[in-house]
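Engineer: Can you keep this structure in mind? I'll have questions shortly.
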Amino acid sequence: MDTIFNNHAATEILTRLNNLQPDSKAFWGKMNVAQMLAHLQAPMEVALADKKLKRTFIGFLFGGIAKKKLLNENPFDKNLPTDASFVRKGEHDFAAEKTKTISLLNRLISGGEAALTELPHPFFGKLTDQNWGVLIWKHFDHHLRQFGV
């Protein structure tokens with residue numbers, strides 16, 4: 001299974017990110033491309049402990065079940081629910097969001113598994129380094145497919 005900590009998989013994600021354009025259109029969902037880039041930053045900020053979020057009640061109830069479902073070989077389904085703290089609305093500058101997303105991703109890749117937080121994920125709870133790497137890769141893949149790259 002691909003993980004963001006695999007050099008080939010990380011390079012592929014970075015190449016696909018660089019293929020995004022300000023006018024890239026979504027095949028599904030409500031976000032525009034700049035909002036999607038801003039949205040991708042939130043889980044990385046959590047993974048790097050830049051953003052500390054408390055476990056949600058729903059996460060306590062269903063996070064373990066969802067984690068098992070998402071950590072399989074299949075890509076994420078379209079239109080999965082998004083935690084409100086990860087939703088990005090309003091206007092976002094494409095170039096700035098792309099630069100910040102790539103910067104955070106490079107920081108995560110270069111820091112490797114040692115850069116990951118030991119705090120529980122706000123929805124999924126305790127994640128192994130492998131879990132973090134897979135979920136981040138799959139999240140990027142999901143949204144890059146959403147925008148056709």
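Labels for the structure tokens follow display order: chains A, B, ..., residues from 1 in each chain, ligands from 1.
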Give me, as a tab-separated table, the closest atom pair and its distance (Å, one decimal) for every residue of region 30-120 of chain A within a cut-off of 9 Å of region 6-13 of chain A, counting only C-alpha atoms, rows sorted by chain and rising number.
Structural biologist:
residue	atom	partner	partner_atom	distance
A:Leu105	CA	A:Ala10	CA	8.8
A:Asn106	CA	A:Ala10	CA	8.9
A:Ile109	CA	A:Ala10	CA	7.4
Engineer: Name all residues at most 8 Å from region 46-50 of chain A (count only C-alpha atoms; drop same-chain ones fewer than 6 positions away) and give them as a compact mmCIF listing (two decimals) with N, CA, C and O atoms, in the first residue's frame.
Structural biologist:
# COMPACT_ATOMS: atom_id res chain seq x y z
N LEU A 108 6.91 17.38 5.71
CA LEU A 108 6.48 16.07 6.21
C LEU A 108 7.35 14.96 5.62
O LEU A 108 7.83 14.08 6.33
N ALA A 115 8.85 13.02 12.23
CA ALA A 115 8.20 14.33 12.31
C ALA A 115 6.75 14.24 12.77
O ALA A 115 6.13 15.26 13.09
N LEU A 116 6.20 13.03 12.81
CA LEU A 116 4.78 12.87 13.13
C LEU A 116 4.49 13.07 14.61
O LEU A 116 5.28 12.71 15.48
N THR A 117 3.31 13.60 14.86
CA THR A 117 2.85 13.78 16.23
C THR A 117 2.59 12.43 16.88
O THR A 117 2.31 11.44 16.20
N LEU A 119 0.27 12.60 19.28
CA LEU A 119 -1.09 12.87 19.74
C LEU A 119 -2.08 12.08 18.90
O LEU A 119 -1.83 11.82 17.71
N HIS A 121 -5.20 11.30 16.52
CA HIS A 121 -5.92 12.03 15.47
C HIS A 121 -7.27 12.43 16.05
O HIS A 121 -7.88 11.68 16.82
N TRP A 132 -0.55 7.00 9.48
CA TRP A 132 -0.45 8.40 9.07
C TRP A 132 -0.02 8.49 7.61
O TRP A 132 -0.61 9.22 6.81
Engineer: Counting only C-alpha atoms, what is within 9 Å of His139 (chain A), bar same-chain residues fewer than 6 positions away, as a list of chain:residue names?
Structural biologist: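 Contacts, in chain order: A:Leu40, A:Pro43, A:Pro75, A:Phe76.
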Engineer: Grab the CA of Asn32 (chain A) to CA of Gly59 (chain A) distance for me, in Å with one decimal place.
Structural biologist: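 Separation between CA of Asn32 (chain A) and CA of Gly59 (chain A): 26.9 Å.
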Engineer: Counting only C-alpha atoms, which residue out of A:Ser24, A:Gln130, A:Thr101, A:Thr3 sits closest to Met44 (chain A)?
Structural biologist: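 Closest residue, counting only C-alpha atoms: A:Thr101.
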Engineer: Rank A:Gly133, A:Phe124, A:Ala26, A:Gly90 by their smallest atom-to-atom distance to Lys69 (chain A), using only C-alpha atoms, and report the top residue only.
Structural biologist: A:Phe124
Engineer: Figure out the distance between CA of Ile4 (chain A) and CA of Met36 (chain A), please, to one decimal in Å.
Structural biologist: 18.2 Å
Engineer: My list of candidates is A:Asp2, A:Glu73, A:Asn79, A:Phe123. Which is closest to Lys54 (chain A) when distances are computed with only C-alpha atoms?
Structural biologist: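 The answer is A:Phe123, which sits nearest to Lys54 (chain A).
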Engineer: May I ask which of the residues A:Glu97, A:His142, A:Ala34, A:Trp28 is the closest one to Leu70 (chain A), counting only C-alpha atoms?
Structural biologist: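 Looking at the shortest contact to Leu70 (chain A), the residue is A:His142.
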Engineer: Quote the spacing between CA of Phe147 (chain A) and CA of Asn18 (chain A) in Å to one decimal place.
Structural biologist: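 Separating CA of Phe147 (chain A) from CA of Asn18 (chain A) is a distance of 12.2 Å.
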Engineer: Might you pull out every residue within 10 Å of Asp93 (chain A), with only C-alpha atoms counted and same-chain residues fewer than 4 positions away left off, and present them as a list in words?
Structural biologist: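 The filter keeps Pro22, Val33, Ala34, Gln35, Leu37, Ala38, Glu97 and Lys98 of chain A.
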